[in-house]
Amino acid sequence: MIGAMESCSSTFEPGKDVEAKAALQLDRILTSRTFRQADRMKRFLAFIVGETIAGRGVQLKEFVVGIEVFGRDNSFDPRNDPIVRVQARRLRAQLARYYREEGLEDDLMIELPKGGYAATFRPVIKSPAPKRSLAQSMVSRNTVLALPFADDSPAGDQHYFCNGVNQEIIQALTGMESVRLVVRNPDGEPEDEPNSREAADRHNAAMIVTGSVRVVGRQTRITANLIDAIGGCYLWSGSLDRRLEDIFAIQAEVAHLVAEQVRIHMAHGSANPRARRPTENLAAYNLYLQGRYHLNQRTEEGLRKAVEFFEKAIVEHAEYAQSYSGLADAYSLLGHYGVLPPAEVWTKAASNAAWAVLKDEHSAEAHTSFAHVKGTQDWDWLGAESEFQRAIGLDSRYPTAHHWYAVACLAPQGKLAEAREEMSRAQTLDPISSIIARDVARIHYYSQNYDAALEQCDQGIELNPHFPPADWMLGRIQEQRGDLEESAAAFQRALQLSPQSPLVQAALGRTLALSGKRKEAACILRELLDLRGKRYVSPFEIGLLHFALDEVEEGFVWVEKAFQDRSYELITIRVDPRLETLRGDPRLCTMIRRMGLP
């Protein structure tokens with residue numbers, strides 16, 4: 001079982017006692033934080049549990065669930081609309097998350113086994129909770145548990161003041177972009193609450209904020225502590241002695257002091273104090289931040305806007321290295337996502353990356369951009385590796401350095417275990433990044449661990465349901481798993497979010513070809529060939545579509561064109577599962593050698 005629980009091998013048979021327990025457990029799950037904003041999954045779970053308790057579990061079919069839960073009409077065809085299967089997979093993952101976090105102490109487990117839609121109920125045998133590992137601590141290093149301040153006054157009458165301090169701390173910490181805050185209810189009964197270390201383990205917190213208030217007459221002493229949740233050692237402790245004259249000001253002062261210490265300890269470990277230092281020109285810095293925001297959307301419109309903002313930042317402050325770095329990244333991605341021909345962006349990306357390094361040789365962003373160019377454009381794997389390591393040495397907390405080191409250098413060389421480690425570090429540093437979440441799934445995909453890739457991709461889509469690269473990745477994963485209906489549905493969703501993307505159109509055509517729908521696939525191929533007269537379409541994607549149509553000779557003609565173009569997609573030719581059936585073809589082996597890959 002998950003975490004500190006083990007499930008008994010037998011399931012409960014329906015009966016009044018089980019019905020009552022299942023109903024109580026269902027209510028506990030539906031009102032949990034895990035399911036708080038998952039309305040569709042709550043409806044799904046409530047329906048299947050209710051039907052199972054009523055003895056109608058065997059009658060639960062995809063068609064019935066589609067109509068009763070997801071509002072489909074009688075024309076609903078599960079073969080063309082995979083919503084029930086997609087949501088069932090997500091429900092399983094959400095239930096696993098609930099029992100891994102909030103449901104650790106529950107004695108009944110509700111599950112949705114694969115292959116059906118009837119719920120099962122299992123008793124849970126508790127086992128001692130394992131000690132949290134250092135790896136878990138690293139993954140949750142941005143999580144802070146704020147405990148209520150204790151009222152240590154002789155009269156015990158400062159509960160209101162302690163609550164005020166706690167609320168000010170919550171407000172201060174939630175205002176910090178990098179903090180994931182967990183709060184323990186100040187009104188909870190002490191005997192019903194776990195101790196601070198147990199609470200930290202429950203929430204995978206890295207740091208604990210505690211404190212106390214003592215009031216004698218008009219004199220007040222407030223003590224605040226910051227504790228390492230794993231080792232239990234004190235990272236910091238401080239106190240303030242104030243007269244109770246301006247209560248709000250005192251509470252705000254304590255909160256500011258705590259927030260500053262959290263910020264310092266979360267930032268601890270940056271190898272270079274100059275790393276990631278913003279320019280003193282705030283106008284340029286704001287333009288740079290807007291450029292990064294649009295860059296992270298990974299859409300054609302977003303990438304073009306990113307170029308505009310980075311160029312404006314350079315006009316505002318011509319010596320600001322990070323603006324050149326951002327501009328290099330934007331031009332690189334315009335080529336990678338098939339918006340502009342690689343030849344059109346090569347020089348712009350390379351020159352801006354070089355300028356960034358010249359402007360500030362201590363900038364991790366600059367060296368990351370330069371390394372990215374060396375890997376994706378020059379196919380200089382040793383040079384790229386050296387630059388990425390230089391960037392990480394300058395600022396080990398810059399997530400993009402770890403992210404691009406994994407996908408643009410390690411993975412192409414087949415160093416997939418190292419790539420997974422770098423992606424894990426990137427996600428630890430930026431747990432809410434949609435593109436990092438997508439590329440964690442991508443590395444699992446290259447490793448052909450499709451279950452892990454699918455789980456990560458689902459988490460990424462849950463994080464941001466309107467991020468087309470995630471659906472594109474989901475389509476590729478489902479294609480390799482052999483679930484071609486869901487693959488096509490994922491690509492179609494990606495096209496709705498990013499209309500007319502040649503990259504996604506080609507992927508959809510490939511899945512249709514593998515499904516035996518050759519006419520539809522051939523139609524998409526013709527559309528892509530016609531589109532080449534109007535905009536750039538990657539020859540590599542056209543080659544893959546030909547391969548799916550069993551047109552191997554024609555496919556290699558297009559792969560050769562991709563080589564001449566130096567198309568971005570070629571860098572993963574050694575690990576791309578879509579080419580698995582061609583591994584023995586000498587033309588593919590020759591292509592890999594020509595790219596300098598091992």
# chains A, B, ... in the order shown; residues from 1 in each chain; ligands from 1

call {"tool": "select_by_dssp", "arguments": {"residues": "stretch 237-370 of chain A", "states": "strand (DSSP E)", "output": "JSON, numbers by chain"}}
result
{"A": [237, 238, 239, 240, 241, 242, 243]}

call {"tool": "write_last_selection", "arguments": {"atoms": "C-alpha atoms", "output": "short mmCIF file (atom, residue, chain, number, x, y, z; two decimals), in the first residue's frame"}}
result
data_model
loop_
_atom_site.label_atom_id
_atom_site.label_comp_id
_atom_site.auth_asym_id
_atom_site.auth_seq_id
_atom_site.Cartn_x
_atom_site.Cartn_y
_atom_site.Cartn_z
CA SER A 237 15.32 31.61 16.53
CA GLY A 238 14.58 35.22 17.36
CA SER A 239 12.57 37.26 19.81
CA LEU A 240 10.98 40.68 20.05
CA ASP A 241 10.26 42.63 23.25
CA ARG A 242 7.48 45.14 22.70
CA ARG A 243 4.86 47.03 24.69
#

call {"tool": "residues_around", "arguments": {"residues": "A:His372", "least_positions_apart": "5", "cutoff": "12 Å", "atoms": "only C-alpha atoms", "output": "PyMOL selection string"}}
result
chain A and resi 325-326+328-333+336+346+349-350+352-354+365-367+377-389+391+400-410+568+571

call {"tool": "closest_residue", "arguments": {"among": "A:Pro412, A:Gly217, A:Gly116, A:Gly103", "to": "A:Ala88", "atoms": "only C-alpha atoms"}}
result
A:Gly116

call {"tool": "residues_around", "arguments": {"residues": "A:Leu570", "least_positions_apart": "2", "cutoff": "9 Å", "atoms": "only C-alpha atoms", "output": "list in words"}}
result
Thr376, Pro412, Phe540, Val559, Ala562, Phe563, Arg566, Ser567, Tyr568, Thr572, Ile573, Arg574, Ile592 and Met595 of chain A

call {"tool": "write_last_selection", "arguments": {"atoms": "N, CA and C atoms", "output": "short mmCIF file (atom, residue, chain, number, x, y, z; two decimals), in the first residue's frame"}}
result
data_model
loop_
_atom_site.label_atom_id
_atom_site.label_comp_id
_atom_site.auth_asym_id
_atom_site.auth_seq_id
_atom_site.Cartn_x
_atom_site.Cartn_y
_atom_site.Cartn_z
N THR A 376 21.39 22.03 -29.18
CA THR A 376 20.29 21.88 -30.13
C THR A 376 20.64 22.34 -31.54
N PRO A 412 19.54 13.25 -25.37
CA PRO A 412 19.97 12.91 -26.73
C PRO A 412 21.13 11.91 -26.77
N PHE A 540 11.08 16.43 -40.39
CA PHE A 540 11.17 15.25 -39.54
C PHE A 540 9.78 14.70 -39.22
N VAL A 559 13.64 12.61 -43.58
CA VAL A 559 14.57 12.68 -42.45
C VAL A 559 15.90 13.29 -42.90
N ALA A 562 15.41 16.87 -42.95
CA ALA A 562 15.48 17.38 -41.58
C ALA A 562 16.92 17.55 -41.14
N PHE A 563 17.79 16.62 -41.54
CA PHE A 563 19.21 16.73 -41.21
C PHE A 563 19.81 17.97 -41.86
N ARG A 566 18.82 20.85 -40.00
CA ARG A 566 19.19 20.74 -38.59
C ARG A 566 17.95 20.93 -37.71
N SER A 567 16.89 20.21 -38.05
CA SER A 567 15.63 20.29 -37.30
C SER A 567 15.86 19.87 -35.84
N TYR A 568 15.22 20.57 -34.95
CA TYR A 568 15.38 20.33 -33.52
C TYR A 568 15.03 18.89 -33.14
N THR A 572 16.82 13.92 -30.57
CA THR A 572 16.43 12.75 -29.78
C THR A 572 16.25 11.51 -30.65
N ILE A 573 16.86 11.52 -31.83
CA ILE A 573 16.70 10.41 -32.76
C ILE A 573 17.19 9.09 -32.15
N ARG A 574 18.13 9.17 -31.24
CA ARG A 574 18.70 7.96 -30.63
C ARG A 574 17.76 7.33 -29.62
N ILE A 592 22.62 8.84 -36.91
CA ILE A 592 23.02 9.04 -35.51
C ILE A 592 24.51 9.37 -35.43
N MET A 595 25.43 12.88 -36.50
CA MET A 595 25.10 13.90 -35.51
C MET A 595 26.05 13.89 -34.33
#

call {"tool": "residues_around", "arguments": {"residues": "A:Phe76", "least_positions_apart": "2", "cutoff": "8 Å", "atoms": "only C-alpha atoms", "output": "PDB file with all heavy atoms, in the first residue's frame"}}
result
ATOM      1  N   PHE A  63     -20.573   3.415 -21.164  1.00  0.00           N
ATOM      2  CA  PHE A  63     -21.698   4.163 -21.725  1.00  0.00           C
ATOM      3  C   PHE A  63     -22.554   4.771 -20.614  1.00  0.00           C
ATOM      4  O   PHE A  63     -22.932   5.946 -20.660  1.00  0.00           O
ATOM      5  CB  PHE A  63     -22.536   3.230 -22.603  1.00  0.00           C
ATOM      6  CG  PHE A  63     -23.747   3.884 -23.210  1.00  0.00           C
ATOM      7  CD1 PHE A  63     -23.627   4.711 -24.323  1.00  0.00           C
ATOM      8  CD2 PHE A  63     -25.013   3.695 -22.663  1.00  0.00           C
ATOM      9  CE1 PHE A  63     -24.736   5.326 -24.874  1.00  0.00           C
ATOM     10  CE2 PHE A  63     -26.128   4.306 -23.209  1.00  0.00           C
ATOM     11  CZ  PHE A  63     -25.985   5.124 -24.322  1.00  0.00           C
ATOM     12  N   GLY A  66     -20.746   7.628 -18.855  1.00  0.00           N
ATOM     13  CA  GLY A  66     -20.686   8.806 -19.719  1.00  0.00           C
ATOM     14  C   GLY A  66     -21.960   9.615 -19.678  1.00  0.00           C
ATOM     15  O   GLY A  66     -21.937  10.856 -19.654  1.00  0.00           O
ATOM     16  N   ILE A  67     -23.093   8.920 -19.634  1.00  0.00           N
ATOM     17  CA  ILE A  67     -24.390   9.613 -19.617  1.00  0.00           C
ATOM     18  C   ILE A  67     -24.708  10.161 -18.226  1.00  0.00           C
ATOM     19  O   ILE A  67     -25.076  11.332 -18.065  1.00  0.00           O
ATOM     20  CB  ILE A  67     -25.502   8.655 -20.094  1.00  0.00           C
ATOM     21  CG1 ILE A  67     -25.325   8.368 -21.588  1.00  0.00           C
ATOM     22  CG2 ILE A  67     -26.879   9.248 -19.832  1.00  0.00           C
ATOM     23  CD1 ILE A  67     -26.290   7.354 -22.138  1.00  0.00           C
ATOM     24  N   ARG A  72     -23.280  13.126 -21.177  1.00  0.00           N
ATOM     25  CA  ARG A  72     -23.372  12.806 -22.593  1.00  0.00           C
ATOM     26  C   ARG A  72     -24.787  12.334 -22.924  1.00  0.00           C
ATOM     27  O   ARG A  72     -25.504  11.825 -22.059  1.00  0.00           O
ATOM     28  CB  ARG A  72     -22.359  11.716 -22.974  1.00  0.00           C
ATOM     29  CG  ARG A  72     -20.897  12.117 -22.774  1.00  0.00           C
ATOM     30  CD  ARG A  72     -20.569  13.368 -23.575  1.00  0.00           C
ATOM     31  NE  ARG A  72     -19.138  13.582 -23.695  1.00  0.00           N
ATOM     32  CZ  ARG A  72     -18.435  14.449 -22.964  1.00  0.00           C
ATOM     33  NH1 ARG A  72     -19.050  15.178 -22.049  1.00  0.00           N
ATOM     34  NH2 ARG A  72     -17.135  14.606 -23.159  1.00  0.00           N
ATOM     35  N   ASP A  73     -25.215  12.509 -24.194  1.00  0.00           N
ATOM     36  CA  ASP A  73     -26.558  12.071 -24.589  1.00  0.00           C
ATOM     37  C   ASP A  73     -26.512  10.631 -25.081  1.00  0.00           C
ATOM     38  O   ASP A  73     -25.472   9.976 -25.049  1.00  0.00           O
ATOM     39  CB  ASP A  73     -27.154  13.005 -25.637  1.00  0.00           C
ATOM     40  CG  ASP A  73     -26.272  13.119 -26.878  1.00  0.00           C
ATOM     41  OD1 ASP A  73     -25.569  12.135 -27.202  1.00  0.00           O
ATOM     42  OD2 ASP A  73     -26.291  14.184 -27.533  1.00  0.00           O
ATOM     43  N   ASN A  74     -27.646  10.145 -25.557  1.00  0.00           N
ATOM     44  CA  ASN A  74     -27.751   8.736 -25.939  1.00  0.00           C
ATOM     45  C   ASN A  74     -26.927   8.377 -27.168  1.00  0.00           C
ATOM     46  O   ASN A  74     -26.780   7.198 -27.496  1.00  0.00           O
ATOM     47  CB  ASN A  74     -29.219   8.363 -26.187  1.00  0.00           C
ATOM     48  CG  ASN A  74     -30.003   8.308 -24.885  1.00  0.00           C
ATOM     49  OD1 ASN A  74     -29.442   7.992 -23.838  1.00  0.00           O
ATOM     50  ND2 ASN A  74     -31.285   8.628 -24.937  1.00  0.00           N
ATOM     51  N   PRO A  78     -18.288   5.608 -26.710  1.00  0.00           N
ATOM     52  CA  PRO A  78     -16.993   5.586 -26.005  1.00  0.00           C
ATOM     53  C   PRO A  78     -15.798   5.359 -26.919  1.00  0.00           C
ATOM     54  O   PRO A  78     -14.673   5.712 -26.570  1.00  0.00           O
ATOM     55  CB  PRO A  78     -17.161   4.413 -25.017  1.00  0.00           C
ATOM     56  CG  PRO A  78     -18.630   4.253 -24.843  1.00  0.00           C
ATOM     57  CD  PRO A  78     -19.229   4.612 -26.173  1.00  0.00           C
ATOM     58  N   ASP A  81     -15.166   9.005 -28.016  1.00  0.00           N
ATOM     59  CA  ASP A  81     -15.054   9.986 -26.931  1.00  0.00           C
ATOM     60  C   ASP A  81     -14.509   9.265 -25.697  1.00  0.00           C
ATOM     61  O   ASP A  81     -15.252   8.554 -25.003  1.00  0.00           O
ATOM     62  CB  ASP A  81     -16.425  10.589 -26.637  1.00  0.00           C
ATOM     63  CG  ASP A  81     -16.354  11.703 -25.586  1.00  0.00           C
ATOM     64  OD1 ASP A  81     -15.292  11.856 -24.950  1.00  0.00           O
ATOM     65  OD2 ASP A  81     -17.362  12.421 -25.404  1.00  0.00           O
TER      66      ASP A  81
END

call {"tool": "atom_distance", "arguments": {"atom1": "atom CA of A:Gly509", "atom2": "atom CA of A:Pro341"}}
result
21.4 Å

call {"tool": "residues_around", "arguments": {"residues": "A:His317", "least_positions_apart": "4", "cutoff": "12 Å", "atoms": "only C-alpha atoms", "output": "PyMOL selection string"}}
result
chain A and resi 278-288+310-313+321-324+359

call {"tool": "decode", "arguments": {"residues": "stretch 484-553 of chain A", "atoms": "C-alpha atoms", "output": "CSV table (one decimal), in the first residue's frame"}}
result
chain,number,residue,atom,x,y,z
A,484,LEU,CA,-4.7,5.0,-30.2
A,485,GLU,CA,-8.1,6.3,-29.6
A,486,GLU,CA,-6.9,8.3,-26.5
A,487,SER,CA,-3.8,9.3,-28.4
A,488,ALA,CA,-5.9,10.9,-31.2
A,489,ALA,CA,-8.2,12.5,-28.6
A,490,ALA,CA,-5.2,14.1,-26.9
A,491,PHE,CA,-3.8,15.5,-30.1
A,492,GLN,CA,-7.2,16.9,-31.0
A,493,ARG,CA,-7.4,18.7,-27.6
A,494,ALA,CA,-3.9,20.1,-28.3
A,495,LEU,CA,-5.1,21.4,-31.7
A,496,GLN,CA,-8.1,23.1,-30.0
A,497,LEU,CA,-5.7,24.8,-27.6
A,498,SER,CA,-3.1,25.6,-30.3
A,499,PRO,CA,-4.9,25.6,-33.7
A,500,GLN,CA,-3.1,24.8,-36.9
A,501,SER,CA,0.1,23.6,-35.2
A,502,PRO,CA,2.0,21.6,-37.8
A,503,LEU,CA,3.7,19.7,-35.0
A,504,VAL,CA,0.5,18.5,-33.6
A,505,GLN,CA,-1.2,18.0,-36.9
A,506,ALA,CA,1.6,15.6,-38.0
A,507,ALA,CA,1.4,13.7,-34.7
A,508,LEU,CA,-2.4,13.3,-35.2
A,509,GLY,CA,-1.9,12.1,-38.8
A,510,ARG,CA,0.7,9.5,-37.5
A,511,THR,CA,-1.8,8.1,-34.9
A,512,LEU,CA,-4.5,7.9,-37.5
A,513,ALA,CA,-2.2,6.0,-39.8
A,514,LEU,CA,-1.3,3.5,-37.1
A,515,SER,CA,-5.0,3.1,-36.4
A,516,GLY,CA,-5.6,2.0,-39.9
A,517,LYS,CA,-7.3,5.2,-41.0
A,518,ARG,CA,-4.9,5.7,-43.9
A,519,LYS,CA,-7.2,8.0,-45.9
A,520,GLU,CA,-7.5,10.5,-43.0
A,521,ALA,CA,-3.8,10.3,-42.4
A,522,ALA,CA,-3.0,10.8,-46.1
A,523,CYS,CA,-5.3,13.9,-46.1
A,524,ILE,CA,-3.4,15.4,-43.2
A,525,LEU,CA,-0.1,14.7,-45.0
A,526,ARG,CA,-1.4,16.5,-48.1
A,527,GLU,CA,-2.4,19.5,-45.9
A,528,LEU,CA,1.0,19.6,-44.3
A,529,LEU,CA,2.7,19.5,-47.7
A,530,ASP,CA,0.5,22.4,-48.9
A,531,LEU,CA,1.2,24.3,-45.7
A,532,ARG,CA,4.9,24.1,-46.4
A,533,GLY,CA,4.4,26.8,-49.1
A,534,LYS,CA,3.0,29.2,-46.5
A,535,ARG,CA,5.1,28.5,-43.4
A,536,TYR,CA,7.7,26.2,-42.0
A,537,VAL,CA,6.7,22.5,-41.4
A,538,SER,CA,9.4,20.2,-39.9
A,539,PRO,CA,10.5,17.6,-42.4
A,540,PHE,CA,11.2,15.2,-39.5
A,541,GLU,CA,7.5,15.1,-38.6
A,542,ILE,CA,6.5,14.5,-42.2
A,543,GLY,CA,9.1,11.7,-42.3
A,544,LEU,CA,7.5,10.1,-39.2
A,545,LEU,CA,4.1,10.3,-40.8
A,546,HIS,CA,5.5,8.5,-43.9
A,547,PHE,CA,7.0,5.8,-41.6
A,548,ALA,CA,3.5,5.3,-40.0
A,549,LEU,CA,2.1,4.8,-43.5
A,550,ASP,CA,4.7,2.1,-44.2
A,551,GLU,CA,6.4,4.4,-46.7
A,552,VAL,CA,9.9,3.9,-45.3
A,553,GLU,CA,11.9,5.1,-48.4
